[in-house]
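First the structure, in the form of structure tokens, and then the observations on it.
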Amino acid sequence: AGGTITYKNKRESVIKNQDCVGHFDKNIKFICKGTKHQPNEIRVKTPFMMGGYFIDGKIKSGLKDGYFYTGDIGYLENNRLFITGRKGERIKKGGEFISLLYIENTLMNFHLIDELSVVSIEDPFWGNKILIFYVSSIRDKDNSLKGEFINYSLKHLTSIEMPDDYIQIEKIPKTSIGKVRKKELLDLYKKNMDI
């Protein structure tokens with residue numbers, strides 16, 4: 001959209017506040033009907049709004065009803081904007097929209113996990129299943145680590161956000177620039193589950 005949209009003061013920038021991008025400028029108008037557990041797309045109107053996209057020698061507006069649809073998913077709380085993911089990272093499970101990035105950020109705080117990735121796979125009943133692939137230096141021979149991880153999830157996620165399966169792997173597959181190869185994770189799951 002252009003220009004500054006949110007800001008943090010010095011004290012707020014020191015405080016670790018996951019997903020919060022700060023207070024929004026009073027000259028900026030937002031529409032975001034999301035909540036912490038049901039984030040929604042953020043729309044913004046600003047005096048610094050771009051005129052549109054330059055396509056085939058013409059400017060084509062990227063606005064709807066005067067608002068720019070950011071593609072970011074989040075919510076507003078106490079005049080602060082929280083961004084929890086992108087529109088493409090949302091899935092529908094049991095009739096509810098869920099942010100995979102929110103689940104990933106929440107579960108990454110579990111102290112026994114070194115790294116993780118959250119992916120979804122289609123499910124005929126729920127619409128989607130949520131899968132957690134995680135790396136830990138702890139070898140989980142008796143599934144006690146997995147049990148602790150599930151208990152942690154139960155305390156921090158709603159029932160519909162709960163992962164359907166937890167899979168410990170040696171290493172998260174990534175591209176040369178560090179992006180997770182989620183298709184490889186899904187292929188690994190399908191192979192092991194014989195789907």
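FYI, nothing fancy with the structure tokens labels: chains A, B, ... in order, residues from 1 per chain, ligands from 1 as they appear.
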
What are the DSSP strand (DSSP E or B) residues of chain A, as an mmCIF file with N, CA, C and O atoms, in the first residue's frame?
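Okay, states.cif is ready:
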data_model
loop_
_atom_site.group_PDB
_atom_site.id
_atom_site.type_symbol
_atom_site.label_atom_id
_atom_site.label_comp_id
_atom_site.auth_asym_id
_atom_site.auth_seq_id
_atom_site.Cartn_x
_atom_site.Cartn_y
_atom_site.Cartn_z
ATOM 1 N N THR A 6 2.152 0.858 10.641
ATOM 2 C CA THR A 6 2.189 0.641 12.082
ATOM 3 C C THR A 6 3.515 1.143 12.646
ATOM 4 O O THR A 6 4.468 1.381 11.903
ATOM 5 N N TYR A 7 3.548 1.292 13.963
ATOM 6 C CA TYR A 7 4.765 1.741 14.622
ATOM 7 C C TYR A 7 4.844 1.153 16.021
ATOM 8 O O TYR A 7 3.840 0.794 16.622
ATOM 9 N N CYS A 20 3.058 -9.288 16.799
ATOM 10 C CA CYS A 20 2.584 -7.900 16.861
ATOM 11 C C CYS A 20 3.503 -7.000 16.039
ATOM 12 O O CYS A 20 4.717 -7.018 16.209
ATOM 13 N N VAL A 21 2.899 -6.217 15.143
ATOM 14 C CA VAL A 21 3.687 -5.282 14.326
ATOM 15 C C VAL A 21 3.484 -3.846 14.811
ATOM 16 O O VAL A 21 3.937 -2.908 14.183
ATOM 17 N N GLY A 22 2.795 -3.683 15.928
ATOM 18 C CA GLY A 22 2.698 -2.367 16.555
ATOM 19 C C GLY A 22 1.332 -1.720 16.450
ATOM 20 O O GLY A 22 0.376 -2.282 15.940
ATOM 21 N N HIS A 23 1.277 -0.494 16.987
ATOM 22 C CA HIS A 23 0.062 0.322 16.925
ATOM 23 C C HIS A 23 -0.078 0.860 15.511
ATOM 24 O O HIS A 23 0.909 1.125 14.843
ATOM 25 N N PHE A 24 -1.307 1.060 15.060
ATOM 26 C CA PHE A 24 -1.453 1.602 13.719
ATOM 27 C C PHE A 24 -1.702 3.100 13.776
ATOM 28 O O PHE A 24 -2.284 3.627 14.714
ATOM 29 N N LYS A 29 -6.807 3.536 7.970
ATOM 30 C CA LYS A 29 -8.041 2.812 8.290
ATOM 31 C C LYS A 29 -7.825 1.335 7.989
ATOM 32 O O LYS A 29 -7.273 0.979 6.948
ATOM 33 N N PHE A 30 -8.253 0.501 8.931
ATOM 34 C CA PHE A 30 -8.138 -0.939 8.798
ATOM 35 C C PHE A 30 -9.508 -1.579 8.838
ATOM 36 O O PHE A 30 -10.405 -1.102 9.530
ATOM 37 N N ILE A 31 -9.650 -2.660 8.121
ATOM 38 C CA ILE A 31 -10.783 -3.560 8.317
ATOM 39 C C ILE A 31 -10.162 -4.933 8.559
ATOM 40 O O ILE A 31 -9.395 -5.430 7.739
ATOM 41 N N ASN A 40 -8.331 -13.060 10.244
ATOM 42 C CA ASN A 40 -8.970 -12.809 8.959
ATOM 43 C C ASN A 40 -8.090 -11.861 8.147
ATOM 44 O O ASN A 40 -7.156 -11.261 8.682
ATOM 45 N N GLU A 41 -8.421 -11.692 6.862
ATOM 46 C CA GLU A 41 -7.606 -10.854 5.990
ATOM 47 C C GLU A 41 -7.649 -9.394 6.428
ATOM 48 O O GLU A 41 -8.691 -8.871 6.797
ATOM 49 N N ILE A 42 -6.502 -8.761 6.356
ATOM 50 C CA ILE A 42 -6.365 -7.356 6.733
ATOM 51 C C ILE A 42 -6.511 -6.489 5.491
ATOM 52 O O ILE A 42 -5.822 -6.699 4.490
ATOM 53 N N ARG A 43 -7.440 -5.529 5.553
ATOM 54 C CA ARG A 43 -7.632 -4.565 4.480
ATOM 55 C C ARG A 43 -7.231 -3.202 5.012
ATOM 56 O O ARG A 43 -7.504 -2.874 6.163
ATOM 57 N N VAL A 44 -6.611 -2.395 4.179
ATOM 58 C CA VAL A 44 -6.079 -1.120 4.648
ATOM 59 C C VAL A 44 -6.364 0.001 3.657
ATOM 60 O O VAL A 44 -6.375 -0.206 2.446
ATOM 61 N N LYS A 45 -6.607 1.200 4.207
ATOM 62 C CA LYS A 45 -6.770 2.413 3.403
ATOM 63 C C LYS A 45 -5.846 3.458 4.011
ATOM 64 O O LYS A 45 -5.900 3.727 5.209
ATOM 65 N N TYR A 53 -1.577 -1.219 -10.136
ATOM 66 C CA TYR A 53 -0.501 -1.991 -10.742
ATOM 67 C C TYR A 53 -0.346 -1.571 -12.197
ATOM 68 O O TYR A 53 -1.332 -1.384 -12.909
ATOM 69 N N PHE A 54 0.901 -1.427 -12.661
ATOM 70 C CA PHE A 54 1.175 -1.055 -14.037
ATOM 71 C C PHE A 54 1.242 -2.329 -14.865
ATOM 72 O O PHE A 54 2.198 -3.094 -14.790
ATOM 73 N N ILE A 55 0.181 -2.587 -15.638
ATOM 74 C CA ILE A 55 0.083 -3.814 -16.429
ATOM 75 C C ILE A 55 -0.257 -3.457 -17.873
ATOM 76 O O ILE A 55 -1.221 -2.734 -18.135
ATOM 77 N N LYS A 58 -0.886 0.184 -18.746
ATOM 78 C CA LYS A 58 -1.977 0.893 -18.075
ATOM 79 C C LYS A 58 -1.936 0.624 -16.577
ATOM 80 O O LYS A 58 -1.480 -0.433 -16.142
ATOM 81 N N ILE A 59 -2.440 1.592 -15.809
ATOM 82 C CA ILE A 59 -2.543 1.396 -14.365
ATOM 83 C C ILE A 59 -3.885 0.747 -14.062
ATOM 84 O O ILE A 59 -4.933 1.282 -14.399
ATOM 85 N N LYS A 60 -3.808 -0.428 -13.451
ATOM 86 C CA LYS A 60 -5.028 -1.141 -13.051
ATOM 87 C C LYS A 60 -5.106 -1.137 -11.534
ATOM 88 O O LYS A 60 -4.157 -1.522 -10.849
ATOM 89 N N LEU A 63 -7.411 -2.010 -5.815
ATOM 90 C CA LEU A 63 -8.281 -1.734 -4.679
ATOM 91 C C LEU A 63 -9.682 -2.293 -4.890
ATOM 92 O O LEU A 63 -10.155 -2.409 -6.008
ATOM 93 N N LYS A 64 -10.337 -2.601 -3.769
ATOM 94 C CA LYS A 64 -11.752 -2.979 -3.769
ATOM 95 C C LYS A 64 -12.410 -2.124 -2.700
ATOM 96 O O LYS A 64 -11.950 -2.112 -1.549
ATOM 97 N N TYR A 67 -10.194 -0.032 -0.497
ATOM 98 C CA TYR A 67 -9.252 -0.688 0.417
ATOM 99 C C TYR A 67 -8.316 -1.609 -0.356
ATOM 100 O O TYR A 67 -8.693 -2.197 -1.358
ATOM 101 N N PHE A 68 -7.100 -1.703 0.153
ATOM 102 C CA PHE A 68 -6.117 -2.636 -0.387
ATOM 103 C C PHE A 68 -6.218 -3.931 0.410
ATOM 104 O O PHE A 68 -6.103 -3.934 1.631
ATOM 105 N N TYR A 69 -6.465 -5.035 -0.286
ATOM 106 C CA TYR A 69 -6.533 -6.348 0.352
ATOM 107 C C TYR A 69 -5.110 -6.891 0.425
ATOM 108 O O TYR A 69 -4.526 -7.261 -0.584
ATOM 109 N N THR A 70 -4.541 -6.911 1.629
ATOM 110 C CA THR A 70 -3.113 -7.179 1.798
ATOM 111 C C THR A 70 -2.716 -8.635 1.557
ATOM 112 O O THR A 70 -1.560 -8.910 1.242
ATOM 113 N N GLY A 71 -3.653 -9.548 1.770
ATOM 114 C CA GLY A 71 -3.293 -10.967 1.709
ATOM 115 C C GLY A 71 -2.742 -11.456 3.036
ATOM 116 O O GLY A 71 -2.532 -12.648 3.240
ATOM 117 N N ASP A 72 -2.492 -10.512 3.972
ATOM 118 C CA ASP A 72 -2.038 -10.881 5.311
ATOM 119 C C ASP A 72 -3.243 -11.242 6.162
ATOM 120 O O ASP A 72 -4.306 -10.635 6.063
ATOM 121 N N ILE A 73 -3.061 -12.210 7.027
ATOM 122 C CA ILE A 73 -4.101 -12.662 7.943
ATOM 123 C C ILE A 73 -3.709 -12.220 9.346
ATOM 124 O O ILE A 73 -2.554 -12.362 9.751
ATOM 125 N N GLY A 74 -4.676 -11.682 10.094
ATOM 126 C CA GLY A 74 -4.355 -11.263 11.446
ATOM 127 C C GLY A 74 -5.573 -10.800 12.206
ATOM 128 O O GLY A 74 -6.709 -11.142 11.882
ATOM 129 N N TYR A 75 -5.317 -9.967 13.221
ATOM 130 C CA TYR A 75 -6.389 -9.443 14.054
ATOM 131 C C TYR A 75 -5.914 -8.163 14.746
ATOM 132 O O TYR A 75 -4.710 -7.886 14.825
ATOM 133 N N LEU A 76 -6.874 -7.372 15.209
ATOM 134 C CA LEU A 76 -6.592 -6.150 15.957
ATOM 135 C C LEU A 76 -6.920 -6.400 17.421
ATOM 136 O O LEU A 76 -7.932 -7.017 17.744
ATOM 137 N N GLU A 77 -6.050 -5.903 18.308
ATOM 138 C CA GLU A 77 -6.289 -6.043 19.741
ATOM 139 C C GLU A 77 -5.668 -4.850 20.448
ATOM 140 O O GLU A 77 -4.468 -4.586 20.298
ATOM 141 N N ARG A 80 -3.627 -2.483 18.472
ATOM 142 C CA ARG A 80 -2.383 -3.040 17.926
ATOM 143 C C ARG A 80 -2.734 -4.077 16.871
ATOM 144 O O ARG A 80 -3.711 -4.797 16.995
ATOM 145 N N LEU A 81 -1.888 -4.143 15.848
ATOM 146 C CA LEU A 81 -2.113 -5.065 14.737
ATOM 147 C C LEU A 81 -1.211 -6.284 14.893
ATOM 148 O O LEU A 81 -0.004 -6.155 15.080
ATOM 149 N N PHE A 82 -1.827 -7.459 14.800
ATOM 150 C CA PHE A 82 -1.099 -8.725 14.857
ATOM 151 C C PHE A 82 -1.254 -9.426 13.506
ATOM 152 O O PHE A 82 -2.366 -9.545 12.996
ATOM 153 N N ILE A 83 -0.135 -9.847 12.930
ATOM 154 C CA ILE A 83 -0.159 -10.579 11.658
ATOM 155 C C ILE A 83 0.255 -12.015 11.955
ATOM 156 O O ILE A 83 1.339 -12.260 12.488
ATOM 157 N N THR A 84 -0.624 -12.954 11.620
ATOM 158 C CA THR A 84 -0.360 -14.358 11.953
ATOM 159 C C THR A 84 -0.064 -15.226 10.736
ATOM 160 O O THR A 84 0.217 -16.412 10.887
ATOM 161 N N GLY A 85 -0.131 -14.661 9.542
ATOM 162 C CA GLY A 85 0.173 -15.462 8.359
ATOM 163 C C GLY A 85 -0.326 -14.818 7.089
ATOM 164 O O GLY A 85 -0.712 -13.648 7.067
ATOM 165 N N ARG A 86 -0.278 -15.592 6.029
ATOM 166 C CA ARG A 86 -0.752 -15.152 4.725
ATOM 167 C C ARG A 86 -2.012 -15.931 4.374
ATOM 168 O O ARG A 86 -2.246 -17.024 4.880
ATOM 169 N N ARG A 90 -3.829 -20.471 5.162
ATOM 170 C CA ARG A 90 -5.011 -20.789 5.951
ATOM 171 C C ARG A 90 -5.683 -22.023 5.385
ATOM 172 O O ARG A 90 -5.745 -22.199 4.176
ATOM 173 N N ILE A 91 -6.179 -22.865 6.262
ATOM 174 C CA ILE A 91 -6.910 -24.054 5.816
ATOM 175 C C ILE A 91 -8.286 -24.060 6.467
ATOM 176 O O ILE A 91 -8.524 -23.324 7.430
ATOM 177 N N LYS A 92 -9.149 -24.880 5.948
ATOM 178 C CA LYS A 92 -10.463 -25.054 6.550
ATOM 179 C C LYS A 92 -10.524 -26.460 7.134
ATOM 180 O O LYS A 92 -10.255 -27.448 6.446
ATOM 181 N N LYS A 93 -10.839 -26.529 8.423
ATOM 182 C CA LYS A 93 -10.945 -27.814 9.107
ATOM 183 C C LYS A 93 -12.212 -27.796 9.938
ATOM 184 O O LYS A 93 -12.408 -26.896 10.750
ATOM 185 N N GLU A 96 -14.106 -24.502 10.063
ATOM 186 C CA GLU A 96 -13.453 -23.297 10.586
ATOM 187 C C GLU A 96 -12.147 -23.036 9.850
ATOM 188 O O GLU A 96 -11.429 -23.965 9.491
ATOM 189 N N PHE A 97 -11.833 -21.744 9.654
ATOM 190 C CA PHE A 97 -10.554 -21.377 9.056
ATOM 191 C C PHE A 97 -9.486 -21.355 10.138
ATOM 192 O O PHE A 97 -9.702 -20.835 11.230
ATOM 193 N N ILE A 98 -8.333 -21.925 9.815
ATOM 194 C CA ILE A 98 -7.238 -22.050 10.768
ATOM 195 C C ILE A 98 -5.952 -21.556 10.117
ATOM 196 O O ILE A 98 -5.672 -21.862 8.962
ATOM 197 N N SER A 99 -5.151 -20.815 10.884
ATOM 198 C CA SER A 99 -3.858 -20.338 10.407
ATOM 199 C C SER A 99 -2.771 -21.347 10.774
ATOM 200 O O SER A 99 -2.509 -21.589 11.955
ATOM 201 N N GLU A 115 13.175 -27.611 15.873
ATOM 202 C CA GLU A 115 12.627 -27.051 14.635
ATOM 203 C C GLU A 115 11.353 -27.811 14.279
ATOM 204 O O GLU A 115 11.207 -28.974 14.639
ATOM 205 N N LEU A 116 10.433 -27.140 13.587
ATOM 206 C CA LEU A 116 9.232 -27.828 13.154
ATOM 207 C C LEU A 116 8.635 -27.172 11.925
ATOM 208 O O LEU A 116 8.969 -26.040 11.583
ATOM 209 N N SER A 117 7.742 -27.901 11.278
ATOM 210 C CA SER A 117 6.977 -27.373 10.158
ATOM 211 C C SER A 117 5.567 -27.954 10.230
ATOM 212 O O SER A 117 5.389 -29.125 10.546
ATOM 213 N N VAL A 118 4.592 -27.101 9.960
ATOM 214 C CA VAL A 118 3.188 -27.513 9.983
ATOM 215 C C VAL A 118 2.678 -27.573 8.553
ATOM 216 O O VAL A 118 2.840 -26.617 7.795
ATOM 217 N N VAL A 119 2.079 -28.677 8.183
ATOM 218 C CA VAL A 119 1.493 -28.835 6.849
ATOM 219 C C VAL A 119 0.101 -29.428 6.992
ATOM 220 O O VAL A 119 -0.265 -29.952 8.048
ATOM 221 N N SER A 120 -0.667 -29.321 5.928
ATOM 222 C CA SER A 120 -2.004 -29.921 5.955
ATOM 223 C C SER A 120 -2.156 -30.877 4.782
ATOM 224 O O SER A 120 -1.473 -30.751 3.766
ATOM 225 N N ILE A 121 -3.052 -31.824 4.971
ATOM 226 C CA ILE A 121 -3.370 -32.783 3.924
ATOM 227 C C ILE A 121 -4.891 -32.928 3.895
ATOM 228 O O ILE A 121 -5.546 -32.834 4.938
ATOM 229 N N GLU A 122 -5.434 -33.105 2.705
ATOM 230 C CA GLU A 122 -6.890 -33.211 2.578
ATOM 231 C C GLU A 122 -7.418 -34.405 3.355
ATOM 232 O O GLU A 122 -6.775 -35.452 3.426
ATOM 233 N N ASP A 123 -8.590 -34.201 3.947
ATOM 234 C CA ASP A 123 -9.249 -35.248 4.696
ATOM 235 C C ASP A 123 -10.724 -35.268 4.295
ATOM 236 O O ASP A 123 -11.365 -34.211 4.267
ATOM 237 N N GLY A 127 -12.081 -32.052 6.049
ATOM 238 C CA GLY A 127 -11.666 -31.075 5.040
ATOM 239 C C GLY A 127 -10.159 -31.056 4.925
ATOM 240 O O GLY A 127 -9.593 -31.147 3.852
ATOM 241 N N ASN A 128 -9.479 -30.948 6.082
ATOM 242 C CA ASN A 128 -8.022 -30.990 6.146
ATOM 243 C C ASN A 128 -7.585 -31.611 7.461
ATOM 244 O O ASN A 128 -8.289 -31.520 8.462
ATOM 245 N N LYS A 129 -6.414 -32.248 7.425
ATOM 246 C CA LYS A 129 -5.761 -32.731 8.642
ATOM 247 C C LYS A 129 -4.502 -31.896 8.831
ATOM 248 O O LYS A 129 -3.865 -31.502 7.852
ATOM 249 N N ILE A 130 -4.138 -31.652 10.071
ATOM 250 C CA ILE A 130 -2.937 -30.878 10.390
ATOM 251 C C ILE A 130 -1.840 -31.840 10.826
ATOM 252 O O ILE A 130 -2.037 -32.656 11.723
ATOM 253 N N LEU A 131 -0.683 -31.721 10.177
ATOM 254 C CA LEU A 131 0.462 -32.574 10.476
ATOM 255 C C LEU A 131 1.623 -31.732 10.990
ATOM 256 O O LEU A 131 1.920 -30.678 10.432
ATOM 257 N N ILE A 132 2.279 -32.196 12.033
ATOM 258 C CA ILE A 132 3.455 -31.528 12.583
ATOM 259 C C ILE A 132 4.663 -32.414 12.320
ATOM 260 O O ILE A 132 4.697 -33.576 12.749
ATOM 261 N N PHE A 133 5.645 -31.884 11.617
ATOM 262 C CA PHE A 133 6.935 -32.558 11.452
ATOM 263 C C PHE A 133 7.920 -31.803 12.325
ATOM 264 O O PHE A 133 8.039 -30.579 12.208
ATOM 265 N N TYR A 134 8.591 -32.499 13.223
ATOM 266 C CA TYR A 134 9.481 -31.804 14.160
ATOM 267 C C TYR A 134 10.828 -32.505 14.290
ATOM 268 O O TYR A 134 10.964 -33.699 14.067
ATOM 269 N N VAL A 135 11.816 -31.686 14.655
ATOM 270 C CA VAL A 135 13.174 -32.160 14.886
ATOM 271 C C VAL A 135 13.509 -31.884 16.346
ATOM 272 O O VAL A 135 13.229 -30.799 16.859
ATOM 273 N N ASP A 165 -1.484 -35.405 13.670
ATOM 274 C CA ASP A 165 -0.364 -36.339 13.775
ATOM 275 C C ASP A 165 0.918 -35.556 14.033
ATOM 276 O O ASP A 165 1.087 -34.438 13.552
ATOM 277 N N TYR A 166 1.808 -36.169 14.824
ATOM 278 C CA TYR A 166 3.108 -35.601 15.168
ATOM 279 C C TYR A 166 4.166 -36.561 14.644
ATOM 280 O O TYR A 166 4.182 -37.725 15.047
ATOM 281 N N ILE A 167 5.038 -36.097 13.765
ATOM 282 C CA ILE A 167 6.034 -36.967 13.156
ATOM 283 C C ILE A 167 7.426 -36.405 13.425
ATOM 284 O O ILE A 167 7.758 -35.300 12.973
ATOM 285 N N GLN A 168 8.225 -37.170 14.168
ATOM 286 C CA GLN A 168 9.600 -36.747 14.415
ATOM 287 C C GLN A 168 10.470 -37.196 13.253
ATOM 288 O O GLN A 168 10.408 -38.351 12.827
ATOM 289 N N LYS A 174 14.787 -28.401 3.141
ATOM 290 C CA LYS A 174 14.691 -26.987 2.771
ATOM 291 C C LYS A 174 15.364 -26.735 1.433
ATOM 292 O O LYS A 174 16.230 -27.497 1.000
ATOM 293 N N VAL A 180 11.095 -24.159 3.578
ATOM 294 C CA VAL A 180 10.750 -25.564 3.832
ATOM 295 C C VAL A 180 10.103 -26.189 2.598
ATOM 296 O O VAL A 180 9.218 -25.612 1.982
#

All helix (DSSP H, G or I) residues (DSSP, backbone) inside chain A, as a PyMOL selection string: chain A and resi 10-14+87-89+100-107+144-156+159-161+182-193

Identify, on the basis of only C-alpha atoms, every residue whose closest approach to stretch 144-149 of chain A does not exceed 8 Å; exclude the query and any residue fewer than 5 positions from it along the same chain; express the result as a JSON list (two decimals) with all heavy atoms, in the first residue's frame.
[["chain", "number", "residue", "atom", "x", "y", "z"],
["A", 110, "PHE", "N", 7.69, -24.71, 22.30],
["A", 110, "PHE", "CA", 7.89, -25.90, 23.14],
["A", 110, "PHE", "C", 9.39, -26.16, 23.26],
["A", 110, "PHE", "O", 10.09, -26.36, 22.26],
["A", 110, "PHE", "CB", 7.16, -27.09, 22.51],
["A", 110, "PHE", "CG", 7.29, -28.37, 23.29],
["A", 110, "PHE", "CD1", 7.02, -28.41, 24.64],
["A", 110, "PHE", "CD2", 7.67, -29.54, 22.65],
["A", 110, "PHE", "CE1", 7.14, -29.58, 25.36],
["A", 110, "PHE", "CE2", 7.78, -30.72, 23.36],
["A", 110, "PHE", "CZ", 7.52, -30.74, 24.72],
["A", 112, "LEU", "N", 11.42, -28.49, 24.05],
["A", 112, "LEU", "CA", 12.13, -29.71, 23.67],
["A", 112, "LEU", "C", 12.23, -29.90, 22.15],
["A", 112, "LEU", "O", 12.78, -30.89, 21.69],
["A", 112, "LEU", "CB", 11.42, -30.93, 24.28],
["A", 112, "LEU", "CG", 11.39, -30.96, 25.82],
["A", 112, "LEU", "CD1", 10.59, -32.16, 26.32],
["A", 112, "LEU", "CD2", 12.81, -30.98, 26.40],
["A", 138, "ILE", "N", 16.39, -34.97, 21.22],
["A", 138, "ILE", "CA", 15.99, -36.07, 22.10],
["A", 138, "ILE", "C", 15.47, -37.23, 21.25],
["A", 138, "ILE", "O", 14.58, -37.06, 20.41],
["A", 138, "ILE", "CB", 14.89, -35.61, 23.08],
["A", 138, "ILE", "CG1", 15.42, -34.48, 23.97],
["A", 138, "ILE", "CG2", 14.36, -36.77, 23.91],
["A", 138, "ILE", "CD1", 14.36, -33.79, 24.77],
["A", 166, "TYR", "N", 1.81, -36.17, 14.82],
["A", 166, "TYR", "CA", 3.11, -35.60, 15.17],
["A", 166, "TYR", "C", 4.17, -36.56, 14.64],
["A", 166, "TYR", "O", 4.18, -37.72, 15.05],
["A", 166, "TYR", "CB", 3.26, -35.47, 16.68],
["A", 166, "TYR", "CG", 2.31, -34.48, 17.33],
["A", 166, "TYR", "CD1", 0.96, -34.77, 17.48],
["A", 166, "TYR", "CD2", 2.79, -33.27, 17.82],
["A", 166, "TYR", "CE1", 0.10, -33.88, 18.09],
["A", 166, "TYR", "CE2", 1.92, -32.36, 18.44],
["A", 166, "TYR", "CZ", 0.59, -32.68, 18.57],
["A", 166, "TYR", "OH", -0.27, -31.79, 19.18]]

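You can rank A:Pro173, A:Ile103, A:Cys32, A:Asn79 by their closest distance to A:Ile160 using only C-alpha atoms, and at the top of that list sits A:Ile103.
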
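For the pair atom CA of A:Met50 and atom CA of A:Lys26, the interatomic distance is 18.6 Å.
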